[in-house]
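Text of my_file31.cif (mmCIF, C-alpha atoms and all ligand atoms) as supplied:
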```
data_coords
#
loop_
_atom_site.label_atom_id
_atom_site.label_comp_id
_atom_site.auth_asym_id
_atom_site.auth_seq_id
_atom_site.Cartn_x
_atom_site.Cartn_y
_atom_site.Cartn_z
CA MET N 1 -46.30 -0.02 -0.97
CA ARG N 2 -44.69 -2.15 1.67
CA LYS N 3 -44.36 -0.36 4.95
CA ILE N 4 -40.80 0.42 5.83
CA ILE N 5 -39.84 2.30 8.96
CA PHE N 6 -36.54 4.09 9.12
CA CYS N 7 -35.19 5.03 12.52
CA PHE N 8 -32.13 7.24 12.91
CA PHE N 9 -31.01 7.05 16.52
CA ALA N 10 -29.00 9.75 18.17
CA LEU N 11 -29.12 11.82 21.31
CA PHE N 12 -31.62 14.29 19.87
CA SER N 13 -34.02 12.65 17.51
CA LEU N 14 -37.05 13.42 15.40
CA PHE N 15 -39.49 11.09 13.80
CA PHE N 16 -40.62 11.73 10.24
CA ALA N 17 -43.03 10.11 7.84
CA TYR N 18 -43.86 10.21 4.20
CA GLY N 19 -46.81 8.17 3.02
CA GLU N 20 -46.11 4.67 4.23
CA ILE N 21 -42.44 5.36 4.76
CA SER N 22 -41.41 6.63 8.16
CA PHE N 23 -38.01 7.28 9.61
CA TYR N 24 -36.56 8.42 12.86
CA CYS N 25 -33.60 10.74 12.54
CA PRO N 26 -31.29 12.92 14.61
CA ASP N 27 -31.97 16.61 14.22
CA LYS N 28 -28.23 17.13 14.23
CA ILE N 29 -25.04 15.14 14.02
CA ILE N 30 -21.59 15.82 15.46
CA PRO N 31 -18.21 15.58 13.67
CA GLY N 32 -16.52 12.33 14.68
CA ASP N 33 -19.64 10.70 16.13
CA PRO N 34 -21.08 7.39 14.99
CA PHE N 35 -24.80 7.16 14.29
CA LYS N 36 -27.12 4.47 13.11
CA ILE N 37 -30.22 3.97 11.03
CA VAL N 38 -32.56 1.18 12.08
CA VAL N 39 -34.87 -0.10 9.37
CA TYR N 40 -37.90 -2.17 10.25
CA GLN N 41 -39.55 -3.97 7.36
CA ALA N 42 -42.89 -5.74 7.62
CA GLU N 43 -41.44 -8.28 5.21
CA SER N 44 -37.67 -8.53 5.24
CA GLY N 45 -35.55 -8.94 2.17
CA GLU N 46 -34.96 -5.47 0.78
CA ASP N 47 -31.37 -4.37 0.17
CA ILE N 48 -31.12 -1.06 1.97
CA SER N 49 -28.20 1.34 2.24
CA GLY N 50 -27.75 4.84 3.57
CA GLY N 51 -25.24 7.64 3.56
CA LEU N 52 -24.28 11.22 4.24
CA TYR N 53 -24.01 13.64 1.28
CA THR N 54 -23.28 17.31 0.70
CA LEU N 55 -26.21 19.47 -0.43
CA ALA N 56 -24.64 19.33 -3.91
CA GLY N 57 -24.94 15.54 -3.81
CA LYS N 58 -21.31 14.56 -3.19
CA ARG N 59 -21.10 11.34 -1.21
CA LEU N 60 -19.19 11.66 2.07
CA THR N 61 -19.86 8.22 3.51
CA GLU N 62 -22.23 5.38 2.80
CA ALA N 63 -22.86 1.90 4.17
CA ALA N 64 -24.99 -1.12 3.40
CA SER N 65 -27.35 -2.51 6.02
CA PHE N 66 -26.95 -5.76 7.91
CA PRO N 67 -29.67 -7.85 9.56
CA LEU N 68 -29.95 -7.95 13.36
CA ARG N 69 -32.30 -10.36 15.07
CA LEU N 70 -33.85 -8.79 18.18
CA ASN N 71 -35.89 -11.82 19.24
CA ARG N 72 -37.50 -14.88 17.70
CA ASN N 73 -40.03 -12.82 15.75
CA ILE N 74 -38.40 -9.51 15.01
CA GLU N 75 -35.45 -8.76 12.78
CA VAL N 76 -34.30 -5.26 11.83
CA ASP N 77 -31.72 -3.93 9.42
CA ILE N 78 -28.98 -1.68 10.77
CA ILE N 79 -26.92 0.91 8.90
CA LEU N 80 -23.90 2.19 10.87
CA LEU N 81 -22.23 5.40 9.79
CA GLY N 82 -19.55 7.77 11.07
CA VAL N 83 -19.46 11.53 10.60
CA PRO N 84 -16.06 12.60 9.18
CA CYS N 85 -14.29 14.96 11.60
CA PHE N 86 -13.09 17.31 8.83
CA LEU N 87 -16.59 18.46 7.83
CA SER N 88 -17.43 22.08 8.52
CA SER N 89 -20.54 23.06 10.45
CA ASP N 90 -23.25 23.20 7.81
CA GLU N 91 -26.26 21.36 6.44
CA TYR N 92 -25.89 17.96 4.82
CA LEU N 93 -28.20 15.32 3.34
CA LEU N 94 -29.02 11.91 4.78
CA ARG N 95 -30.07 9.57 2.00
CA ILE N 96 -31.49 6.07 2.13
CA PHE N 97 -31.68 3.76 -0.87
CA TRP N 98 -33.74 0.64 -1.46
CA LYS N 99 -35.33 -1.29 -4.29
CA GLU N 100 -39.04 -1.53 -4.87
CA ASN N 101 -40.73 -3.27 -7.77
CA ASN N 102 -37.37 -3.43 -9.54
CA SER N 103 -36.85 0.30 -9.39
CA SER N 104 -34.34 2.11 -7.17
CA CYS N 105 -35.82 4.42 -4.56
CA CYS N 106 -34.17 7.13 -2.52
CA ILE N 107 -35.40 9.21 0.34
CA GLU N 108 -33.46 12.17 1.65
CA ARG N 109 -33.57 14.67 4.46
CA LYS N 110 -31.47 17.69 5.39
CA ILE N 111 -29.50 17.35 8.61
CA LYS N 112 -27.50 19.89 10.60
CA LEU N 113 -23.90 19.28 11.60
CA SER N 114 -22.99 20.72 14.99
CA LYS N 115 -19.76 22.59 15.52
CA ARG N 116 -16.89 20.82 17.23
CA SER N 117 -13.43 22.23 17.79
CA PHE N 118 -10.25 20.20 17.66
CA VAL N 119 -6.78 20.68 19.13
CA SER N 120 -3.83 21.83 16.99
CA GLU N 121 -0.38 20.45 17.73
CA ASP N 122 3.14 20.64 16.30
CA ILE N 123 5.19 17.45 16.42
CA LYS N 124 8.96 17.63 15.97
CA LEU N 125 10.40 14.60 14.21
CA ASP N 126 14.03 13.51 14.54
CA ARG N 127 15.99 12.14 11.57
CA ALA N 128 14.78 8.54 12.02
CA ASN N 129 11.07 9.50 12.21
CA THR N 130 11.46 11.97 9.30
CA VAL N 131 12.86 9.15 7.16
CA ILE N 132 10.01 6.78 8.16
CA LEU N 133 7.42 9.37 7.14
CA THR N 134 8.99 10.86 4.01
CA LYS N 135 11.23 8.26 2.35
CA PRO N 136 9.41 6.71 -0.64
CA ASP N 137 9.22 2.94 -0.26
CA PRO N 138 7.16 0.52 -2.37
CA ARG N 139 6.60 -1.59 0.77
CA LYS N 140 4.84 1.36 2.45
CA ALA N 141 2.50 1.73 -0.53
CA GLU N 142 1.79 -2.02 -0.52
CA GLU N 143 1.13 -1.97 3.24
CA ARG N 144 -1.29 0.93 2.78
CA ARG N 145 -3.15 -0.91 -0.01
CA GLU N 146 -3.44 -4.09 2.08
CA PHE N 147 -4.62 -2.14 5.12
CA ASN N 148 -7.27 -0.18 3.21
CA LYS N 149 -8.52 -3.36 1.57
CA ILE N 150 -9.10 -4.98 4.98
CA LEU N 151 -10.82 -1.86 6.36
CA GLY N 152 -13.06 -1.79 3.28
CA VAL N 153 -14.50 -5.27 3.94
CA PHE N 154 -18.21 -5.36 4.79
CA ASP N 155 -19.20 -8.81 6.11
CA VAL N 156 -22.92 -8.85 7.00
CA LYS N 157 -22.34 -11.89 9.23
CA ALA N 158 -19.65 -10.20 11.33
CA VAL N 159 -21.95 -9.30 14.22
CA PHE N 160 -19.68 -10.04 17.17
CA CYS N 161 -20.45 -7.41 19.77
CA ASP N 162 -23.47 -5.58 21.20
CA GLU N 163 -21.87 -4.11 24.32
CA CYS N 164 -20.01 -0.91 25.20
CA PHE N 165 -16.28 -0.87 24.51
CA VAL N 166 -13.72 -0.44 27.29
CA PHE N 167 -10.31 1.26 27.03
CA PRO N 168 -7.73 -1.22 25.66
CA VAL N 169 -5.09 -0.03 28.19
CA LYS N 170 -5.28 0.68 31.91
CA ASN N 171 -3.22 3.42 33.56
CA PHE N 172 -2.41 5.65 30.62
CA VAL N 173 -2.07 9.34 29.87
CA GLU N 174 -3.77 10.77 26.80
CA THR N 175 -1.08 12.54 24.83
CA SER N 176 -3.00 13.15 21.58
CA PHE N 177 -6.70 13.28 20.92
CA TYR N 178 -9.04 12.20 18.15
CA GLY N 179 -9.22 14.81 15.39
CA ASP N 180 -6.08 16.75 16.39
CA ARG N 181 -4.86 18.97 13.56
CA ARG N 182 -1.16 18.10 13.36
CA VAL N 183 1.86 19.73 11.81
CA PHE N 184 4.85 17.39 11.49
CA LEU N 185 8.08 19.40 11.64
CA TYR N 186 10.83 17.47 9.83
CA ASP N 187 14.48 17.60 10.84
CA ASP N 188 15.34 19.32 7.52
CA GLY N 189 13.08 22.31 8.24
CA LYS N 190 10.20 21.16 6.03
CA SER N 191 6.76 20.23 7.37
CA SER N 192 3.47 18.55 6.50
CA ARG N 193 -0.08 18.63 7.85
CA SER N 194 -2.34 15.75 8.85
CA ILE N 195 -5.31 14.88 11.02
CA HIS N 196 -4.86 12.46 13.92
CA TYR N 197 -7.63 9.87 13.62
CA GLY N 198 -7.11 7.98 16.88
CA LEU N 199 -6.38 8.38 20.55
CA ASP N 200 -2.76 8.26 21.77
CA MET N 201 -2.48 6.53 25.13
CA ALA N 202 1.00 6.85 26.67
CA SER N 203 1.97 3.99 28.95
CA ASP N 204 5.08 2.01 29.89
CA THR N 205 6.54 -0.33 27.30
CA GLY N 206 5.19 -3.83 27.93
CA THR N 207 1.84 -2.67 29.38
CA PRO N 208 -0.88 -5.13 28.28
CA VAL N 209 -3.17 -4.08 25.42
CA ARG N 210 -6.53 -5.84 25.64
CA ALA N 211 -9.45 -6.21 23.22
CA PRO N 212 -12.03 -3.50 24.08
CA ALA N 213 -14.93 -5.65 22.87
CA ASP N 214 -15.61 -9.05 21.29
CA GLY N 215 -14.45 -9.47 17.72
CA ARG N 216 -12.30 -11.21 15.14
CA VAL N 217 -8.65 -10.38 14.47
CA VAL N 218 -8.33 -9.58 10.75
CA TYR N 219 -4.77 -8.20 10.79
CA ALA N 220 -1.74 -8.70 13.04
CA LYS N 221 1.54 -7.64 11.48
CA GLU N 222 4.49 -5.28 11.63
CA ARG N 223 4.26 -2.21 9.33
CA ILE N 224 6.88 0.45 8.50
CA VAL N 225 4.94 3.53 9.66
CA THR N 226 2.63 2.10 12.33
CA GLY N 227 4.92 -0.61 13.76
CA ASN N 228 3.30 -3.74 15.22
CA SER N 229 -0.34 -3.31 14.25
CA VAL N 230 -3.63 -5.14 14.88
CA ILE N 231 -7.12 -4.73 13.43
CA ILE N 232 -10.18 -6.29 15.12
CA GLU N 233 -13.53 -6.54 13.28
CA HIS N 234 -16.46 -6.05 15.71
CA LEU N 235 -19.48 -5.45 13.47
CA PRO N 236 -19.98 -5.21 9.70
CA GLY N 237 -17.74 -2.30 8.64
CA VAL N 238 -16.66 -1.57 12.25
CA PHE N 239 -12.99 -2.09 13.07
CA SER N 240 -10.73 -1.16 15.99
CA ILE N 241 -7.07 -0.48 15.15
CA TYR N 242 -3.91 -0.64 17.33
CA PHE N 243 -0.50 0.82 16.34
CA HIS N 244 3.09 1.00 17.63
CA MET N 245 2.89 -2.07 19.90
CA ASP N 246 6.04 -3.63 21.32
CA SER N 247 4.75 -7.16 20.74
CA LEU N 248 1.78 -8.94 19.14
CA LYS N 249 -0.15 -11.58 21.11
CA VAL N 250 -2.74 -12.54 18.48
CA LYS N 251 -2.76 -13.66 14.87
CA LYS N 252 -5.11 -13.15 11.94
CA GLY N 253 -8.27 -15.23 12.33
CA ASP N 254 -8.26 -15.33 16.16
CA MET N 255 -11.65 -14.73 17.80
CA VAL N 256 -11.16 -12.48 20.83
CA SER N 257 -13.41 -11.64 23.76
CA ARG N 258 -13.38 -8.34 25.57
CA GLY N 259 -10.32 -8.26 27.84
CA ARG N 260 -8.23 -10.73 25.83
CA LEU N 261 -4.54 -9.79 25.59
CA ILE N 262 -3.74 -8.74 22.00
CA GLY N 263 -0.31 -7.11 22.43
CA THR N 264 1.82 -4.83 24.57
CA VAL N 265 2.42 -1.08 24.47
CA GLY N 266 5.58 0.00 22.65
CA SER N 267 7.13 2.58 20.35
CA THR N 268 7.52 0.78 17.02
CA GLY N 269 7.17 2.56 13.67
CA LEU N 270 6.75 6.36 13.53
CA SER N 271 6.62 7.12 17.25
CA THR N 272 8.15 9.64 19.63
CA GLY N 273 7.59 7.62 22.80
CA SER N 274 5.96 4.52 24.25
CA HIS N 275 2.21 4.69 23.56
CA LEU N 276 -0.76 2.94 21.97
CA HIS N 277 -2.56 4.58 19.04
CA TRP N 278 -6.18 3.37 19.26
CA GLN N 279 -8.55 4.07 16.40
CA ILE N 280 -12.09 3.05 15.43
CA ASN N 281 -13.25 3.02 11.80
CA ILE N 282 -16.90 2.76 10.73
CA SER N 283 -17.33 2.03 7.03
CA GLY N 284 -14.04 3.74 6.32
CA VAL N 285 -14.62 6.78 8.54
CA PRO N 286 -12.49 7.12 11.70
CA VAL N 287 -14.72 8.12 14.64
CA GLU N 288 -14.10 9.34 18.21
CA PRO N 289 -13.23 6.11 20.12
CA LYS N 290 -14.67 7.48 23.39
CA THR N 291 -18.22 7.49 21.98
CA LEU N 292 -18.14 3.69 21.97
CA LEU N 293 -17.33 3.63 25.69
CA LYS N 294 -20.60 5.42 26.52
CA ALA N 295 -23.15 3.47 24.49
CA PRO N 296 -23.14 0.28 22.44
CA LEU N 297 -23.35 0.73 18.67
CA ILE N 298 -26.19 -1.76 18.63
CA ASP N 299 -28.35 -1.90 21.75
CA LYS N 300 -31.03 -4.55 21.20
CA SER N 301 -33.20 -3.58 24.18
CA ARG N 302 -33.23 0.10 23.15
CA ILE N 303 -34.08 -0.76 19.56
CA MET N 304 -36.86 -3.08 20.79
CA SER N 305 -38.35 -0.34 22.95
CA ARG N 306 -38.30 2.08 19.99
CA ILE N 307 -40.09 -0.41 17.80
CA SER N 308 -42.63 -1.19 20.54
CA SER N 309 -43.31 2.55 20.78
CA LEU N 310 -43.83 2.73 17.04
CA SER N 311 -46.17 -0.22 16.86
CA SER N 312 -48.21 0.92 19.86
CA GLY N 313 -48.69 4.31 18.18
CA GLU N 314 -47.07 6.28 20.99
CA LEU N 315 -45.04 8.24 18.51
CA THR N 316 -47.92 9.06 16.19
CA ASP N 317 -47.84 12.72 17.18
CA TRP N 318 -44.26 12.90 16.08
CA PHE N 319 -45.18 12.09 12.51
CA CYS N 320 -44.95 14.89 10.05
CA ASN N 321 -44.66 15.10 6.28
CA ALA N 322 -41.16 16.42 6.40
CA VAL N 323 -39.81 14.66 3.36
CA ASP N 324 -40.55 16.41 0.10
CA GLU N 325 -40.66 13.34 -2.06
CA VAL N 326 -39.58 9.79 -2.40
CA LEU N 327 -37.36 9.75 -5.44
CA HIS N 328 -37.62 6.83 -7.79
CA THR N 329 -34.22 6.86 -9.32
CA SER N 330 -31.63 4.92 -11.19
CA ASP N 331 -28.41 4.10 -9.41
CA ASP N 332 -26.74 7.28 -10.66
CA THR N 333 -28.11 9.15 -7.62
CA LYS N 334 -25.29 7.44 -5.74
CA ASN N 335 -22.51 9.56 -7.16
ZN ZN K 401 -1.69 8.29 17.26
#
```

Please express the file's structure as structure tokens.
Amino acid sequence: MRKIIFCFFALFSLFFAYGEISFYCPDKIIPGDPFKIVVYQAESGEDISGGLYTLAGKRLTEAASFPLRLNRNIEVDIILLGVPCFLSSDEYLLRIFWKENNSSCCIERKIKLSKRSFVSEDIKLDRANTVILTKPDPRKAEERREFNKILGVFDVKAVFCDECFVFPVKNFVETSFYGDRRVFLYDDGKSSRSIHYGLDMASDTGTPVRAPADGRVVYAKERIVTGNSVIIEHLPGVFSIYFHMDSLKVKKGDMVSRGRLIGTVGSTGLSTGSHLHWQINISGVPVEPKTLLKAPLIDKSRIMSRISSLSSGELTDWFCNAVDEVLHTSDDTKN
């Protein structure tokens, strides 16, 4: 069997092995946090994917891997995932899939989800905002379809950034947080519930909004609910999203570097005041934007040092036969 090493990087990590397959995984994950799996293959070429599942086998999120060259001789495969913020504190399964001798293989491990509390807030909507949110409109449905299609793209070549993100706005006040449990109170006395998947940064209308990291603009348009909106692709499956801007300063297809002006703060669409809604999606899962300010999603030097440790045997003592079995399966495991 070809030797494949799986490395799950997080703040608290454990290293596990089964036969010739080894992987490095967090001992717990946190709602809203991104995490990654680094796969090192002696011979590259396997299609590898990974995901988070309930103990009953329901898929919560899954992503394909993409190649990342660390230096002239070493290439690894990266799987980036986000932990949905609505999951309750419990045990889940991490699964990795690959092909071997024309059969599908799966390895899985239980993982604990830490508890995280989120803020609850009531938001009163006036007549205009109530209409924006509740009035059926085929254009809204079409805009949602188009948006979801763009955020569902996975381009293995879209490796544009390996640095920390910075805030897209300077001098702002956080008025809503990632994961807030919201109740919208309509002007007719009715209400609805939702989760806030971004960060609301209140600032004066016209304040510059700048790219937080290098990337490619894949959307720049006005929408009914989110006003002037931009999406930047930074890594395969990783997008940053900007809503309610007063003006747009980029167009679809533009390559942007960190700090490039992409728009200005405003109050377009469903908005109760001048602010920027900033959101990060990883393979369809919105994650806490602030985690990307602290550490890069892909840190080549850190990955290199992990692999050096593995190959020099420093982590041998960490090995344990913690995985019950490698499952040789058909694709129906991915339900
Ligand atoms: Zn918002």

Taking all atoms listed in the file into account, list the residues no farther than 10 Å from ligand ZN 401 (chain K), as an MDAnalysis selection string. chainID N and resid 175:178 180 195:202 226 242:244 270:271 275:279

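Here the question is which of N:Ile298, N:Cys106, N:Val265, N:Leu151 gets nearest to Thr207 in chain N using all atoms listed in the file, and that residue is N:Val265.
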
List the neighbours of Gly237 in chain N out to 6 Å using all atoms listed in the file; skip same-chain residues closer than 3 positions along the sequence, and give me the result as number ranges by chain. N: 154, 282-283

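With all atoms listed in the file as the atoms that count, the residue of N:Glu288, N:Asp126, N:Asp90, N:Glu75 with the shortest distance to Leu185 in chain N is N:Asp126.
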
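You will find CA of Gly82 in chain N at 12.3 Å from CA of Tyr53 in chain N.
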
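Coordinates place CA of Val173 in chain N at a distance of 17.5 Å from CA of Asp246 in chain N.
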
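The gap separating CA of Gly227 in chain N from CA of Ser267 in chain N is 7.6 Å, in Å to one decimal.
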
Which residues are close to Leu70 in chain N, i.e. within 10 Å by all atoms listed in the file, leaving aside same-chain residues fewer than 5 positions away? Reply as a PyMOL selection string. chain N and resi 75-76+299-301+303-304

Expected file contents, prior selection, C-alpha atoms, as a JSON list (two decimals), in the frame of the given file:
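The resulting selection_23.json:
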```
[["chain", "number", "residue", "atom", "x", "y", "z"],
["N", 75, "GLU", "CA", -35.45, -8.76, 12.78],
["N", 76, "VAL", "CA", -34.30, -5.26, 11.83],
["N", 299, "ASP", "CA", -28.35, -1.90, 21.75],
["N", 300, "LYS", "CA", -31.03, -4.55, 21.20],
["N", 301, "SER", "CA", -33.20, -3.58, 24.18],
["N", 303, "ILE", "CA", -34.08, -0.76, 19.56],
["N", 304, "MET", "CA", -36.86, -3.08, 20.79]]
```

Residues near Ala128 in chain N, anyone? I mean within 12 Å using all atoms listed in the file, not counting same-chain ones fewer than 6 positions away, as a ChimeraX atom specification. /N:134-135,186-188,224-225,268-272

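Of the residues listed (N:Leu235, N:Lys294, N:Glu146, N:Thr130), N:Thr130 shows the shortest atom-to-atom separation from Lys190 in chain N; distances use all atoms listed in the file.
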
Please identify all polymer residues within 8 Å of Leu113 in chain N, counting all atoms listed in the file, omitting same-chain residues fewer than 2 positions from it, and present them as an mmCIF file with C-alpha atoms, in the coordinates of the input.
```cif
data_model
loop_
_atom_site.group_PDB
_atom_site.id
_atom_site.type_symbol
_atom_site.label_atom_id
_atom_site.label_comp_id
_atom_site.auth_asym_id
_atom_site.auth_seq_id
_atom_site.Cartn_x
_atom_site.Cartn_y
_atom_site.Cartn_z
ATOM 1 C CA LYS N 28 -28.230 17.130 14.230
ATOM 2 C CA ILE N 29 -25.040 15.140 14.020
ATOM 3 C CA ILE N 30 -21.590 15.820 15.460
ATOM 4 C CA PRO N 31 -18.210 15.580 13.670
ATOM 5 C CA SER N 88 -17.430 22.080 8.520
ATOM 6 C CA SER N 89 -20.540 23.060 10.450
ATOM 7 C CA ASP N 90 -23.250 23.200 7.810
ATOM 8 C CA GLU N 91 -26.260 21.360 6.440
ATOM 9 C CA TYR N 92 -25.890 17.960 4.820
ATOM 10 C CA ILE N 111 -29.500 17.350 8.610
ATOM 11 C CA LYS N 115 -19.760 22.590 15.520
#
```

If we count only C-alpha atoms, what is near Leu80 in chain N at a cut-off of 8 Å, once residues fewer than 4 positions away on the same chain are taken out, given as a PDB file with C-alpha atoms, in the frame of the given file?
```
ATOM      1  CA  PRO N  34     -21.080   7.390  14.990  1.00  0.00           C
ATOM      2  CA  PHE N  35     -24.800   7.160  14.290  1.00  0.00           C
ATOM      3  CA  LYS N  36     -27.120   4.470  13.110  1.00  0.00           C
ATOM      4  CA  ILE N  37     -30.220   3.970  11.030  1.00  0.00           C
ATOM      5  CA  ALA N  63     -22.860   1.900   4.170  1.00  0.00           C
ATOM      6  CA  SER N  65     -27.350  -2.510   6.020  1.00  0.00           C
ATOM      7  CA  GLY N 237     -17.740  -2.300   8.640  1.00  0.00           C
ATOM      8  CA  ILE N 282     -16.900   2.760  10.730  1.00  0.00           C
ATOM      9  CA  SER N 283     -17.330   2.030   7.030  1.00  0.00           C
ATOM     10  CA  LEU N 297     -23.350   0.730  18.670  1.00  0.00           C
TER      11      LEU N 297
END
```

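Distance annotation: of N:Ser120, N:Ser114, N:Ser257, N:Thr291, the residue with the minimal separation from Asp214 in chain N is N:Ser257; atom set is all atoms listed in the file.
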
Counting all atoms listed in the file, the option among N:Gly215, N:Pro208, N:Gly179, N:Gly259 closest to Glu121 in chain N: N:Gly179

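Minimum distance to Ser49 in chain N across N:Ile96, N:Phe86, N:Arg69, N:Gly32 (counting all atoms listed in the file) occurs at N:Ile96.
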